[in-house]
Amino acid sequence: MNPFEIERGESFTMGESDLRELLDSPYKIRCGLILFCRSGMADVSVDLVRCTLKPNTVTVLLPDTILTLNSSGEYFKVEYIVLSANLFDEAVFRLEPPFFRFILDNPCLVCPPNDRDALDAMIRMFWIIYKDRDNMYRDVIIKNQSQNFFLNMYDKNRHLFSSLQRNGYNRGEELFHKFITCIQTHYLDQKDVAFYADELCISPRYLSTITRQVTGESAKTLIDRHIILETKVLLRTTEMTVQEITNRLNFPSQSYLGRYFKKHTGESPIEYRMKRK
């Protein structure tokens with residue numbers, strides 16, 4: 001099930017949700033996604049970054065990001081805006097690379113009190129455009145509104161990522177970000193720390209030292225977590241058999257994948273898939 005599905009012929013959609021369908025069920029975002037928390041609190045994971053959503057938190061997720069709800073309170077609710085991949089690309093083309101690096105590192109941002117009126121007005125404008133389905137210029141208007149939203153977000157946060165750009169990341173942080181990018185590129189074929197350390201021209205021990213400094217976890221833990229997230233996405237959002245998933249993820253056998261998955265989740269791939277049916 002796609003909780004953020006865009007209707008055929010549409011370039012965006014909106015709605016409200018408690019995200020319960022994502023509870024322990026990672027979902028890979030295929031489009032651009034904006035979440036605005038109106039009430040309650042929730043603990044979510046964006047790829048390998050854990051975040052707390054609370055009122056006035058804005059979350060921007062780039063295409064191919066994995067979103068998971070870890071837990072939420074009784075009154076948790078978000079408004080969501082889903083932009084097609086093409087619309088998202090057109091809306092952000094003016095923005096500089098440091099902005100995207102900043103968003104990847106800080107997907108969830110709490111809106112300061114003095115900026116909330118402007119943010120509320122922008123969210124309301126999205127709703128007005130969404131409901132005005134007979135407007136012949138609706139696609140142009142939503143593209144302009146999306147550009148306005150991201151340009152405003154860029155302006156309100158540029159002092160943060162400009163500072164990072166000026167001062168730079170230290171070597172450990174820079175290597176950590178390269179490591180995460182490397183995982184996302186090679187996880188289908190490479191699951192050993194030694195490969196990633198070699199790609200970064202450092203020792204496996206030093207790589208794990210860096211990841212522990214940044215996240216408190218080992219390099220192997222982060223590799224395994226990403227693979228488990230991808231496995232969960234395939235089990236919950238596709239009709240692929242466990243053998244087909246085994247082949248896609250390049251495990252030596254279905255039984256090996258089963259043991260690996262159970263070691264990290266406490267249940268077999270079939271048990272995990274059937275739990276939500």
# chains A, B, ... in the order shown; residues from 1 in each chain; ligands from 1
>>> closest_atom_pairs(of="region 58-95 of chain A", to="region 4-20 of chain A", cutoff="7 Å", atoms="only C-alpha atoms", output="tab-separated table")
residue	atom	partner	partner_atom	distance
A:Leu69	CA	A:Leu19	CA	6.9
A:Phe76	CA	A:Asp18	CA	5.8
A:Lys77	CA	A:Asp18	CA	4.6
A:Val78	CA	A:Ser17	CA	5.5
A:Glu79	CA	A:Glu16	CA	4.4
A:Tyr80	CA	A:Gly15	CA	5.5
A:Ile81	CA	A:Met14	CA	4.6
A:Val82	CA	A:Thr13	CA	5.3
A:Leu83	CA	A:Phe12	CA	4.5
A:Ser84	CA	A:Ser11	CA	5.3
A:Leu87	CA	A:Ser11	CA	6.6
>>> residues_around(residues="Ser146 (chain A)", least_positions_apart="2", cutoff="9 Å", atoms="only C-alpha atoms", output="PyMOL selection string")
chain A and resi 83+87-88+90-92+126+141-144+148-151
>>> write_last_selection(atoms="N, CA and C atoms", output="JSON list (two decimals), in the first residue's frame")
[["chain", "number", "residue", "atom", "x", "y", "z"],
["A", 83, "LEU", "N", 4.84, 15.72, -3.74],
["A", 83, "LEU", "CA", 5.13, 16.32, -5.04],
["A", 83, "LEU", "C", 5.71, 15.26, -5.96],
["A", 87, "LEU", "N", 7.81, 17.44, -10.58],
["A", 87, "LEU", "CA", 7.46, 18.71, -9.94],
["A", 87, "LEU", "C", 8.51, 19.07, -8.89],
["A", 88, "PHE", "N", 8.94, 18.10, -8.12],
["A", 88, "PHE", "CA", 9.95, 18.36, -7.09],
["A", 88, "PHE", "C", 11.23, 18.89, -7.73],
["A", 90, "GLU", "N", 11.60, 20.47, -10.56],
["A", 90, "GLU", "CA", 11.38, 21.83, -11.06],
["A", 90, "GLU", "C", 11.33, 22.85, -9.92],
["A", 91, "ALA", "N", 10.82, 22.42, -8.76],
["A", 91, "ALA", "CA", 10.66, 23.34, -7.63],
["A", 91, "ALA", "C", 11.99, 23.68, -6.96],
["A", 92, "VAL", "N", 12.97, 22.77, -7.04],
["A", 92, "VAL", "CA", 14.21, 22.97, -6.27],
["A", 92, "VAL", "C", 15.41, 23.28, -7.17],
["A", 126, "PHE", "N", -1.24, 25.81, -0.09],
["A", 126, "PHE", "CA", -1.20, 24.48, -0.70],
["A", 126, "PHE", "C", -2.59, 23.86, -0.71],
["A", 141, "ILE", "N", 0.53, 26.86, -11.01],
["A", 141, "ILE", "CA", 0.39, 27.50, -9.70],
["A", 141, "ILE", "C", 1.06, 26.67, -8.62],
["A", 142, "ILE", "N", 0.87, 25.34, -8.65],
["A", 142, "ILE", "CA", 1.47, 24.50, -7.61],
["A", 142, "ILE", "C", 2.99, 24.45, -7.76],
["A", 143, "LYS", "N", 3.48, 24.52, -9.00],
["A", 143, "LYS", "CA", 4.93, 24.57, -9.18],
["A", 143, "LYS", "C", 5.50, 25.85, -8.57],
["A", 144, "ASN", "N", 4.82, 26.98, -8.83],
["A", 144, "ASN", "CA", 5.27, 28.24, -8.26],
["A", 144, "ASN", "C", 5.18, 28.24, -6.74],
["A", 148, "ASN", "N", 8.18, 28.63, -4.06],
["A", 148, "ASN", "CA", 8.12, 29.62, -2.98],
["A", 148, "ASN", "C", 8.42, 28.97, -1.63],
["A", 149, "PHE", "N", 7.85, 27.79, -1.41],
["A", 149, "PHE", "CA", 8.05, 27.10, -0.14],
["A", 149, "PHE", "C", 9.53, 26.78, 0.07],
["A", 150, "PHE", "N", 10.17, 26.19, -0.95],
["A", 150, "PHE", "CA", 11.57, 25.79, -0.79],
["A", 150, "PHE", "C", 12.52, 27.00, -0.75],
["A", 151, "LEU", "N", 12.20, 28.06, -1.51],
["A", 151, "LEU", "CA", 13.02, 29.26, -1.44],
["A", 151, "LEU", "C", 12.92, 29.91, -0.06]]
>>> select_by_dssp(residues="region 65-215 of chain A", states="strand (DSSP E or B)", output="ChimeraX atom specification")
/A:65-72,77-83,108-110
>>> closest_residue(among="A:Ile128, A:His264, A:Glu21, A:Asp198", to="Leu229 (chain A)", atoms="only C-alpha atoms")
A:His264
>>> closest_residue(among="A:Arg116, A:Lys178, A:Arg273, A:Lys131", to="Thr241 (chain A)", atoms="only C-alpha atoms")
A:Arg273
>>> select_by_dssp(residues="region 49-177 of chain A", states="helix (DSSP H, G or I)", output="ChimeraX atom specification")
/A:85-92,97-105,113-131,138-167,171-177
>>> atom_distance(atom1="CA of Val233 (chain A)", atom2="CA of Ser25 (chain A)")
7.0 Å
>>> residues_around(residues="region 72-75 of chain A", least_positions_apart="6", cutoff="9 Å", atoms="only C-alpha atoms", output="VMD selection string")
chain A and resid 18 to 20 23 39 to 44 53
>>> atom_distance(atom1="CA of His159 (chain A)", atom2="CA of Ile210 (chain A)")
26.6 Å
>>> closest_residue(among="A:Pro204, A:Thr237, A:Tyr256, A:Tyr187", to="Ile223 (chain A)", atoms="only C-alpha atoms")
A:Tyr187
>>> atom_distance(atom1="CA of Leu109 (chain A)", atom2="CA of Ile183 (chain A)")
24.9 Å
>>> residues_around(residues="Cys201 (chain A)", least_positions_apart="5", cutoff="12 Å", atoms="only C-alpha atoms", output="list in words")
Leu175, Lys178, Phe179, Ala194, Phe195, Tyr196, Tyr206 and Leu207 of chain A
>>> residues_around(residues="Leu235 (chain A)", least_positions_apart="2", cutoff="9 Å", atoms="only C-alpha atoms", output="ChimeraX atom specification")
/A:230-233,237-242,245,269-270,272-273
>>> residues_around(residues="Cys108 (chain A)", least_positions_apart="5", cutoff="8 Å", atoms="only C-alpha atoms", output="ChimeraX atom specification")
/A:51-53,57-60
>>> closest_residue(among="A:Phe176, A:Arg225, A:Pro63, A:Met125", to="Phe100 (chain A)", atoms="only C-alpha atoms")
A:Pro63
>>> decode(residues="region 215-236 of chain A", atoms="N, CA and C atoms", output="mmCIF file, in the first residue's frame")
data_model
loop_
_atom_site.group_PDB
_atom_site.id
_atom_site.type_symbol
_atom_site.label_atom_id
_atom_site.label_comp_id
_atom_site.auth_asym_id
_atom_site.auth_seq_id
_atom_site.Cartn_x
_atom_site.Cartn_y
_atom_site.Cartn_z
ATOM 1 N N THR A 215 27.583 8.571 15.548
ATOM 2 C CA THR A 215 26.258 7.989 15.851
ATOM 3 C C THR A 215 26.224 7.117 17.093
ATOM 4 N N GLY A 216 27.391 6.726 17.605
ATOM 5 C CA GLY A 216 27.420 5.805 18.732
ATOM 6 C C GLY A 216 27.319 4.353 18.314
ATOM 7 N N GLU A 217 27.326 4.089 17.013
ATOM 8 C CA GLU A 217 27.169 2.724 16.508
ATOM 9 C C GLU A 217 28.305 2.369 15.558
ATOM 10 N N SER A 218 28.525 1.067 15.385
ATOM 11 C CA SER A 218 29.612 0.604 14.528
ATOM 12 C C SER A 218 29.239 0.733 13.057
ATOM 13 N N ALA A 219 30.251 0.681 12.193
ATOM 14 C CA ALA A 219 30.017 0.717 10.754
ATOM 15 C C ALA A 219 29.175 -0.479 10.320
ATOM 16 N N LYS A 220 29.455 -1.654 10.872
ATOM 17 C CA LYS A 220 28.704 -2.862 10.508
ATOM 18 C C LYS A 220 27.230 -2.724 10.884
ATOM 19 N N THR A 221 26.949 -2.126 12.030
ATOM 20 C CA THR A 221 25.558 -1.919 12.449
ATOM 21 C C THR A 221 24.804 -1.053 11.456
ATOM 22 N N LEU A 222 25.449 0.004 10.962
ATOM 23 C CA LEU A 222 24.799 0.904 10.007
ATOM 24 C C LEU A 222 24.573 0.221 8.659
ATOM 25 N N ILE A 223 25.536 -0.580 8.214
ATOM 26 C CA ILE A 223 25.359 -1.342 6.968
ATOM 27 C C ILE A 223 24.185 -2.296 7.105
ATOM 28 N N ASP A 224 24.167 -3.051 8.199
ATOM 29 C CA ASP A 224 23.088 -4.023 8.425
ATOM 30 C C ASP A 224 21.735 -3.336 8.527
ATOM 31 N N ARG A 225 21.694 -2.188 9.190
ATOM 32 C CA ARG A 225 20.415 -1.484 9.353
ATOM 33 C C ARG A 225 19.856 -1.063 8.004
ATOM 34 N N HIS A 226 20.718 -0.564 7.130
ATOM 35 C CA HIS A 226 20.235 -0.147 5.812
ATOM 36 C C HIS A 226 19.712 -1.346 5.016
ATOM 37 N N ILE A 227 20.404 -2.463 5.089
ATOM 38 C CA ILE A 227 19.964 -3.659 4.367
ATOM 39 C C ILE A 227 18.640 -4.163 4.928
ATOM 40 N N ILE A 228 18.486 -4.151 6.253
ATOM 41 C CA ILE A 228 17.224 -4.579 6.866
ATOM 42 C C ILE A 228 16.093 -3.639 6.463
ATOM 43 N N LEU A 229 16.349 -2.330 6.426
ATOM 44 C CA LEU A 229 15.323 -1.382 5.976
ATOM 45 C C LEU A 229 14.875 -1.694 4.556
ATOM 46 N N GLU A 230 15.825 -1.944 3.667
ATOM 47 C CA GLU A 230 15.486 -2.263 2.277
ATOM 48 C C GLU A 230 14.707 -3.570 2.204
ATOM 49 N N THR A 231 15.094 -4.542 3.004
ATOM 50 C CA THR A 231 14.384 -5.826 3.010
ATOM 51 C C THR A 231 12.948 -5.642 3.472
ATOM 52 N N LYS A 232 12.753 -4.856 4.529
ATOM 53 C CA LYS A 232 11.400 -4.600 5.032
ATOM 54 C C LYS A 232 10.547 -3.887 3.984
ATOM 55 N N VAL A 233 11.149 -2.917 3.283
ATOM 56 C CA VAL A 233 10.412 -2.205 2.227
ATOM 57 C C VAL A 233 9.945 -3.184 1.166
ATOM 58 N N LEU A 234 10.818 -4.083 0.735
ATOM 59 C CA LEU A 234 10.460 -5.048 -0.307
ATOM 60 C C LEU A 234 9.399 -6.033 0.182
ATOM 61 N N LEU A 235 9.478 -6.439 1.449
ATOM 62 C CA LEU A 235 8.503 -7.386 1.993
ATOM 63 C C LEU A 235 7.126 -6.764 2.141
ATOM 64 N N ARG A 236 7.075 -5.477 2.479
ATOM 65 C CA ARG A 236 5.794 -4.843 2.768
ATOM 66 C C ARG A 236 5.178 -4.120 1.578
#
